[in-house]
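K.L.:
So here's input_10.txt (compact mmCIF, C-alpha atoms).
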# COMPACT_ATOMS: atom_id res chain seq x y z
CA MET A 1 137.57 126.31 172.18
CA THR A 2 140.00 127.40 169.47
CA ILE A 3 143.04 126.15 171.41
CA ARG A 4 141.49 122.72 171.95
CA SER A 5 140.42 122.49 168.30
CA TYR A 6 143.90 123.41 167.11
CA ARG A 7 145.61 120.87 169.41
CA ILE A 8 143.37 118.09 168.16
CA LEU A 9 143.47 118.98 164.47
CA HIS A 10 147.02 120.28 164.04
CA PRO A 11 148.89 116.96 163.78
CA ILE A 12 146.57 115.50 161.13
CA GLY A 13 145.23 118.56 159.35
CA ALA A 14 141.53 119.15 159.03
CA TRP A 15 139.00 121.95 159.10
CA VAL A 16 136.81 123.44 161.77
CA GLU A 17 133.72 125.60 161.42
CA PHE A 18 132.32 128.05 163.96
CA GLY A 19 128.95 129.70 163.63
CA ASP A 20 127.32 132.40 165.69
CA TRP A 21 125.26 135.55 165.32
CA VAL A 22 126.03 139.17 166.04
CA VAL A 23 123.42 141.90 166.18
CA GLU A 24 124.32 145.13 164.40
CA VAL A 25 121.88 147.79 165.63
CA GLN A 26 121.29 150.91 163.53
CA ASP A 27 118.34 152.56 165.28
CA LEU A 28 119.93 153.64 168.58
CA ASN A 29 116.61 154.96 169.91
CA GLY A 30 114.48 151.93 169.13
CA PRO A 31 113.35 148.95 171.20
CA VAL A 32 115.76 146.55 169.48
CA HIS A 33 118.69 148.66 170.72
CA GLN A 34 117.31 148.70 174.26
CA TRP A 35 116.75 144.93 174.23
CA TYR A 36 120.22 144.24 172.83
CA THR A 37 121.98 146.59 175.26
CA ASP A 38 120.22 144.98 178.22
CA LEU A 39 120.95 141.46 176.98
CA GLN A 40 124.63 142.34 176.50
CA ARG A 41 124.83 143.62 180.07
CA ALA A 42 123.07 140.56 181.47
CA LEU A 43 125.13 138.02 179.54
CA GLY A 44 128.28 139.96 180.32
CA GLN A 45 127.68 139.17 183.99
CA TYR A 46 127.83 135.47 183.05
CA GLY A 47 131.15 136.22 181.32
CA TYR A 48 129.77 135.98 177.80
CA ASN A 49 130.79 138.62 175.26
CA MET A 50 128.18 138.97 172.51
CA GLU A 51 130.75 140.65 170.25
CA LEU A 52 133.13 137.67 170.47
CA PRO A 53 132.14 136.15 167.10
CA ALA A 54 133.50 139.28 165.40
CA MET A 55 136.90 138.37 166.89
CA TYR A 56 136.95 134.68 165.84
CA GLU A 57 139.17 135.22 162.82
CA ASP A 58 141.91 137.04 164.77
CA ALA A 59 141.73 134.56 167.65
CA MET A 60 142.05 131.62 165.28
CA GLN A 61 145.08 133.14 163.56
CA GLU A 62 146.71 133.74 166.96
CA LYS A 63 146.19 130.06 167.81
CA GLY A 64 147.85 128.90 164.59
CA PHE A 65 144.96 128.26 162.21
CA GLY A 66 145.57 129.16 158.58
CA HIS A 67 143.46 129.62 155.44
CA ILE A 68 140.59 131.18 157.38
CA THR A 69 137.44 132.06 155.50
CA HIS A 70 135.05 134.46 157.19
CA LEU A 71 131.51 134.60 155.85
CA ASN A 72 129.12 137.25 157.08
CA HIS A 73 125.49 136.83 156.07
CA GLN A 74 123.73 140.11 156.85
CA ILE A 75 120.03 139.61 157.40
CA PRO A 76 118.08 142.88 157.67
CA MET A 77 116.24 143.00 161.01
CA CYS A 78 113.02 144.13 159.42
CA LEU A 79 110.64 141.88 157.53
CA ASN A 80 109.66 144.80 155.29
CA ASP A 81 113.10 144.76 153.63
CA PRO A 82 112.71 143.73 149.95
CA THR A 83 116.05 141.85 149.92
CA HIS A 84 114.72 139.04 152.13
CA THR A 85 114.62 135.53 150.75
CA ILE A 86 112.25 132.82 151.93
CA THR A 87 115.04 131.45 154.12
CA SER A 88 116.07 134.78 155.66
CA THR A 89 112.43 135.65 156.32
CA ALA A 90 111.84 132.35 158.14
CA LEU A 91 115.09 132.68 160.09
CA LEU A 92 114.30 136.24 161.17
CA GLN A 93 110.75 135.31 162.19
CA CYS A 94 112.02 132.38 164.25
CA TRP A 95 114.76 134.49 165.86
CA ALA A 96 112.35 137.34 166.66
CA GLN A 97 109.94 134.90 168.30
CA SER A 98 112.76 133.54 170.50
CA LEU A 99 113.80 136.90 172.03
CA GLU A 100 111.92 136.27 175.26
CA ASP A 101 113.39 132.77 175.60
CA LEU A 102 116.89 134.17 175.05
CA SER A 103 116.36 137.02 177.50
CA MET A 104 114.19 135.94 180.41
CA GLU A 105 116.71 134.13 182.59
CA PRO A 106 119.71 136.45 182.16
CA MET A 107 117.65 139.64 182.49
CA THR A 108 115.70 138.53 185.54
CA LEU A 109 118.62 136.90 187.35
CA MET A 110 121.47 139.24 186.42
CA LEU A 111 119.70 142.57 186.00
CA GLY A 112 116.88 142.03 188.49
CA TYR A 113 114.19 142.85 185.92
CA SER A 114 110.68 141.55 186.51
CA ALA A 115 109.40 138.88 184.14
CA GLU A 116 106.65 141.29 183.07
CA TYR A 117 109.20 143.96 182.10
CA VAL A 118 111.28 141.44 180.11
CA ARG A 119 108.14 140.27 178.26
CA GLU A 120 107.25 143.88 177.39
CA LEU A 121 110.80 144.70 176.27
CA CYS A 122 111.01 141.60 174.10
CA SER A 123 107.53 142.18 172.71
CA SER A 124 108.46 145.73 171.67
CA ALA A 125 111.70 144.53 170.04
CA ARG A 126 109.90 141.66 168.29
CA GLU A 127 107.21 144.04 166.98
CA ALA A 128 109.88 146.42 165.65
CA ILE A 129 111.63 143.56 163.87
CA LEU A 130 108.48 142.07 162.38
CA THR A 131 106.76 145.31 161.35
CA GLY A 132 109.15 148.23 161.84
CA GLY A 133 111.72 150.10 159.84
CA THR A 134 115.48 149.81 159.76
CA ASN A 135 116.64 148.23 163.01
CA GLY A 136 119.97 146.91 161.81
CA TYR A 137 121.26 143.50 160.80
CA LEU A 138 121.48 140.03 162.21
CA ASN A 139 124.92 138.93 161.07
CA TRP A 140 124.93 135.18 160.76
Is it possible to express this structure as structure tokens?

P.N.:
Amino acid sequence: MTIRSYRILHPIGAWVEFGDWVVEVQDLNGPVHQWYTDLQRALGQYGYNMELPAMYEDAMQEKGFGHITHLNHQIPMCLNDPTHTITSTALLQCWAQSLEDLSMEPMTLMLGYSAEYVRELCSSAREAILTGGTNGYLNW
């Protein structure tokens, strides 16, 4: 993606913007950690690295991009956090509700988990995000 963008934009000069999310888990014993670890393993079997967005800046520099600005919006993965804004609250609620949709296919196909187990895992992670303590951050 970065190579193609550079080839197209280099002769004329322009800008490109990439956006993605990275989960930063703090509670290594909680359900969010278990969900994230399993999702990483499942998506890894498709060839997708969930930590890749953290490497965008270096990859873009290697490909020849200059004047790179990296913005990291840390959204606490707990609705009880007093630093939430209306926007971050809505974004976190929406993201938490989509865990099952994000997880069902890769976890059932790649890890062999039953649909019932994936629902339970996602439900536990969602509950921890919506009502629990410090789970970590959703870096957007």

K.L.:
Using atom CA of Ser123 of chain A and atom CA of Ile75 of chain A as the two end points, give the distance in Å to one decimal.

P.N.:
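We find that atom CA of Ser123 of chain A and atom CA of Ile75 of chain A lie 19.9 Å from each other.
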
K.L.:
Using all atoms listed in the file, can you tell me which of A:Glu51, A:Glu24, A:Glu57, A:Glu100 comes closest to Thr134 of chain A?

P.N.:
A:Glu24

K.L.:
Using only C-alpha atoms, which residue out of A:Trp21, A:Gln34, A:Asn49, A:Tyr137 lies closest to His84 of chain A?

P.N.:
A:Tyr137

K.L.:
Quote the spacing between atom CA of Tyr117 of chain A and atom CA of Met104 of chain A in Å to one decimal place.

P.N.:
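These two atoms are separated by 9.6 Å.
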
K.L.:
Kindly give the distance, in Å, that separates atom CA of Gly30 of chain A and atom CA of Thr85 of chain A, rounded to a single decimal.

P.N.:
24.6 Å

K.L.:
List the spatial neighbours of Leu130 of chain A as a list in words - criterion: any atom at most 7 Å away, only C-alpha atoms, same-chain residues fewer than 3 positions off excluded.

P.N.:
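Final neighbour list, sorted by chain and number: Cys78, Leu79, Arg126 and Glu127 of chain A.
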
K.L.:
Counting only C-alpha atoms, figure out which residue out of A:Thr87, A:Asn80, A:Asn72, A:Gln93 gets nearest to Gly132 of chain A.

P.N.:
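Ranked by minimum distance to Gly132 of chain A, first place goes to A:Asn80.
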
K.L.:
So, counting only C-alpha atoms, which residue among A:Phe65, A:Tyr56, A:Tyr113, A:Trp140 is closest to Trp95 of chain A?

P.N.:
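The shortest atom-to-atom distance to Trp95 of chain A comes from A:Trp140.
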
K.L.:
So which one's closest to Val118 of chain A, A:Pro31, A:Thr131, A:Gly47, A:His67? Using only C-alpha atoms, please.

P.N.:
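For Val118 of chain A, the nearest of the given residues is A:Pro31.
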
K.L.:
So that I can see what lies close to Gly136 of chain A, please list as a list in words the residues with an atom at most 10 Å from it, counting all atoms listed in the file and leaving out residues fewer than 4 positions away in the same chain.

P.N.:
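Once the nearby chain positions are removed, what remains is Val23, Glu24, Val25, Gln26, Asp27, Leu28, Val32, His33, Gln74, Ile75, Pro76, Met77, Cys78 and Ile129 of chain A.
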
K.L.:
Which residues are close to Leu43 of chain A, i.e. within 10 Å by all atoms listed in the file, leaving aside same-chain residues fewer than 2 positions away? Reply as a PyMOL selection string.

P.N.:
chain A and resi 38-41+45-50+103+105-107+110-111

K.L.:
Could those residues be written to a file, using C-alpha atoms, as an mmCIF file, in the frame of the given file?

P.N.:
data_model
loop_
_atom_site.group_PDB
_atom_site.id
_atom_site.type_symbol
_atom_site.label_atom_id
_atom_site.label_comp_id
_atom_site.auth_asym_id
_atom_site.auth_seq_id
_atom_site.Cartn_x
_atom_site.Cartn_y
_atom_site.Cartn_z
ATOM 1 C CA ASP A 38 120.220 144.980 178.220
ATOM 2 C CA LEU A 39 120.950 141.460 176.980
ATOM 3 C CA GLN A 40 124.630 142.340 176.500
ATOM 4 C CA ARG A 41 124.830 143.620 180.070
ATOM 5 C CA GLN A 45 127.680 139.170 183.990
ATOM 6 C CA TYR A 46 127.830 135.470 183.050
ATOM 7 C CA GLY A 47 131.150 136.220 181.320
ATOM 8 C CA TYR A 48 129.770 135.980 177.800
ATOM 9 C CA ASN A 49 130.790 138.620 175.260
ATOM 10 C CA MET A 50 128.180 138.970 172.510
ATOM 11 C CA SER A 103 116.360 137.020 177.500
ATOM 12 C CA GLU A 105 116.710 134.130 182.590
ATOM 13 C CA PRO A 106 119.710 136.450 182.160
ATOM 14 C CA MET A 107 117.650 139.640 182.490
ATOM 15 C CA MET A 110 121.470 139.240 186.420
ATOM 16 C CA LEU A 111 119.700 142.570 186.000
#

K.L.:
Return segment 50-77 of chain A, completed with N, CA and C atoms, as a PDB file, in the coordinates of the input.

P.N.:
ATOM      1  N   MET A  50     128.984 139.155 173.723  1.00  0.00           N
ATOM      2  CA  MET A  50     128.180 138.970 172.510  1.00  0.00           C
ATOM      3  C   MET A  50     128.893 139.468 171.253  1.00  0.00           C
ATOM      4  N   GLU A  51     129.985 140.180 171.407  1.00  0.00           N
ATOM      5  CA  GLU A  51     130.750 140.650 170.250  1.00  0.00           C
ATOM      6  C   GLU A  51     131.879 139.680 169.905  1.00  0.00           C
ATOM      7  N   LEU A  52     132.040 138.621 170.674  1.00  0.00           N
ATOM      8  CA  LEU A  52     133.130 137.670 170.470  1.00  0.00           C
ATOM      9  C   LEU A  52     133.178 137.080 169.055  1.00  0.00           C
ATOM     10  N   PRO A  53     132.049 136.716 168.442  1.00  0.00           N
ATOM     11  CA  PRO A  53     132.140 136.150 167.100  1.00  0.00           C
ATOM     12  C   PRO A  53     132.852 137.057 166.098  1.00  0.00           C
ATOM     13  N   ALA A  54     132.802 138.354 166.296  1.00  0.00           N
ATOM     14  CA  ALA A  54     133.500 139.280 165.400  1.00  0.00           C
ATOM     15  C   ALA A  54     135.019 139.143 165.547  1.00  0.00           C
ATOM     16  N   MET A  55     135.468 138.520 166.637  1.00  0.00           N
ATOM     17  CA  MET A  55     136.900 138.370 166.890  1.00  0.00           C
ATOM     18  C   MET A  55     137.410 136.956 166.570  1.00  0.00           C
ATOM     19  N   TYR A  56     136.547 136.068 166.098  1.00  0.00           N
ATOM     20  CA  TYR A  56     136.950 134.680 165.840  1.00  0.00           C
ATOM     21  C   TYR A  56     138.147 134.585 164.906  1.00  0.00           C
ATOM     22  N   GLU A  57     138.107 135.338 163.822  1.00  0.00           N
ATOM     23  CA  GLU A  57     139.170 135.220 162.820  1.00  0.00           C
ATOM     24  C   GLU A  57     140.537 135.545 163.424  1.00  0.00           C
ATOM     25  N   ASP A  58     140.642 136.661 164.140  1.00  0.00           N
ATOM     26  CA  ASP A  58     141.910 137.040 164.770  1.00  0.00           C
ATOM     27  C   ASP A  58     142.342 136.012 165.808  1.00  0.00           C
ATOM     28  N   ALA A  59     141.405 135.551 166.615  1.00  0.00           N
ATOM     29  CA  ALA A  59     141.730 134.560 167.650  1.00  0.00           C
ATOM     30  C   ALA A  59     142.229 133.261 167.024  1.00  0.00           C
ATOM     31  N   MET A  60     141.622 132.864 165.933  1.00  0.00           N
ATOM     32  CA  MET A  60     142.050 131.620 165.280  1.00  0.00           C
ATOM     33  C   MET A  60     143.442 131.766 164.680  1.00  0.00           C
ATOM     34  N   GLN A  61     143.743 132.912 164.095  1.00  0.00           N
ATOM     35  CA  GLN A  61     145.080 133.140 163.560  1.00  0.00           C
ATOM     36  C   GLN A  61     146.120 133.119 164.671  1.00  0.00           C
ATOM     37  N   GLU A  62     145.790 133.737 165.813  1.00  0.00           N
ATOM     38  CA  GLU A  62     146.710 133.740 166.960  1.00  0.00           C
ATOM     39  C   GLU A  62     147.005 132.331 167.441  1.00  0.00           C
ATOM     40  N   LYS A  63     146.030 131.433 167.328  1.00  0.00           N
ATOM     41  CA  LYS A  63     146.190 130.060 167.810  1.00  0.00           C
ATOM     42  C   LYS A  63     146.864 129.161 166.779  1.00  0.00           C
ATOM     43  N   GLY A  64     147.116 129.677 165.576  1.00  0.00           N
ATOM     44  CA  GLY A  64     147.850 128.900 164.590  1.00  0.00           C
ATOM     45  C   GLY A  64     147.046 128.417 163.400  1.00  0.00           C
ATOM     46  N   PHE A  65     145.753 128.684 163.358  1.00  0.00           N
ATOM     47  CA  PHE A  65     144.960 128.260 162.210  1.00  0.00           C
ATOM     48  C   PHE A  65     145.361 129.071 160.988  1.00  0.00           C
ATOM     49  N   GLY A  66     145.280 128.470 159.832  1.00  0.00           N
ATOM     50  CA  GLY A  66     145.570 129.160 158.580  1.00  0.00           C
ATOM     51  C   GLY A  66     144.426 128.988 157.606  1.00  0.00           C
ATOM     52  N   HIS A  67     144.478 129.707 156.503  1.00  0.00           N
ATOM     53  CA  HIS A  67     143.460 129.620 155.440  1.00  0.00           C
ATOM     54  C   HIS A  67     142.051 129.820 156.011  1.00  0.00           C
ATOM     55  N   ILE A  68     141.866 130.898 156.725  1.00  0.00           N
ATOM     56  CA  ILE A  68     140.590 131.180 157.380  1.00  0.00           C
ATOM     57  C   ILE A  68     139.661 131.908 156.423  1.00  0.00           C
ATOM     58  N   THR A  69     138.462 131.412 156.311  1.00  0.00           N
ATOM     59  CA  THR A  69     137.440 132.060 155.500  1.00  0.00           C
ATOM     60  C   THR A  69     136.359 132.571 156.441  1.00  0.00           C
ATOM     61  N   HIS A  70     136.062 133.851 156.335  1.00  0.00           N
ATOM     62  CA  HIS A  70     135.050 134.460 157.190  1.00  0.00           C
ATOM     63  C   HIS A  70     133.863 134.850 156.325  1.00  0.00           C
ATOM     64  N   LEU A  71     132.724 134.269 156.585  1.00  0.00           N
ATOM     65  CA  LEU A  71     131.510 134.600 155.850  1.00  0.00           C
ATOM     66  C   LEU A  71     130.570 135.357 156.775  1.00  0.00           C
ATOM     67  N   ASN A  72     130.046 136.447 156.293  1.00  0.00           N
ATOM     68  CA  ASN A  72     129.120 137.250 157.080  1.00  0.00           C
ATOM     69  C   ASN A  72     127.833 137.400 156.275  1.00  0.00           C
ATOM     70  N   HIS A  73     126.791 136.756 156.745  1.00  0.00           N
ATOM     71  CA  HIS A  73     125.490 136.830 156.070  1.00  0.00           C
ATOM     72  C   HIS A  73     124.656 137.878 156.805  1.00  0.00           C
ATOM     73  N   GLN A  74     124.510 139.049 156.217  1.00  0.00           N
ATOM     74  CA  GLN A  74     123.730 140.110 156.850  1.00  0.00           C
ATOM     75  C   GLN A  74     122.252 139.934 156.513  1.00  0.00           C
ATOM     76  N   ILE A  75     121.471 139.748 157.557  1.00  0.00           N
ATOM     77  CA  ILE A  75     120.030 139.610 157.400  1.00  0.00           C
ATOM     78  C   ILE A  75     119.392 140.870 157.975  1.00  0.00           C
ATOM     79  N   PRO A  76     118.720 141.668 157.152  1.00  0.00           N
ATOM     80  CA  PRO A  76     118.080 142.880 157.670  1.00  0.00           C
ATOM     81  C   PRO A  76     117.081 142.525 158.778  1.00  0.00           C
ATOM     82  N   MET A  77     117.150 143.260 159.889  1.00  0.00           N
ATOM     83  CA  MET A  77     116.240 143.000 161.010  1.00  0.00           C
ATOM     84  C   MET A  77     114.938 143.765 160.826  1.00  0.00           C
TER      85      MET A  77
END
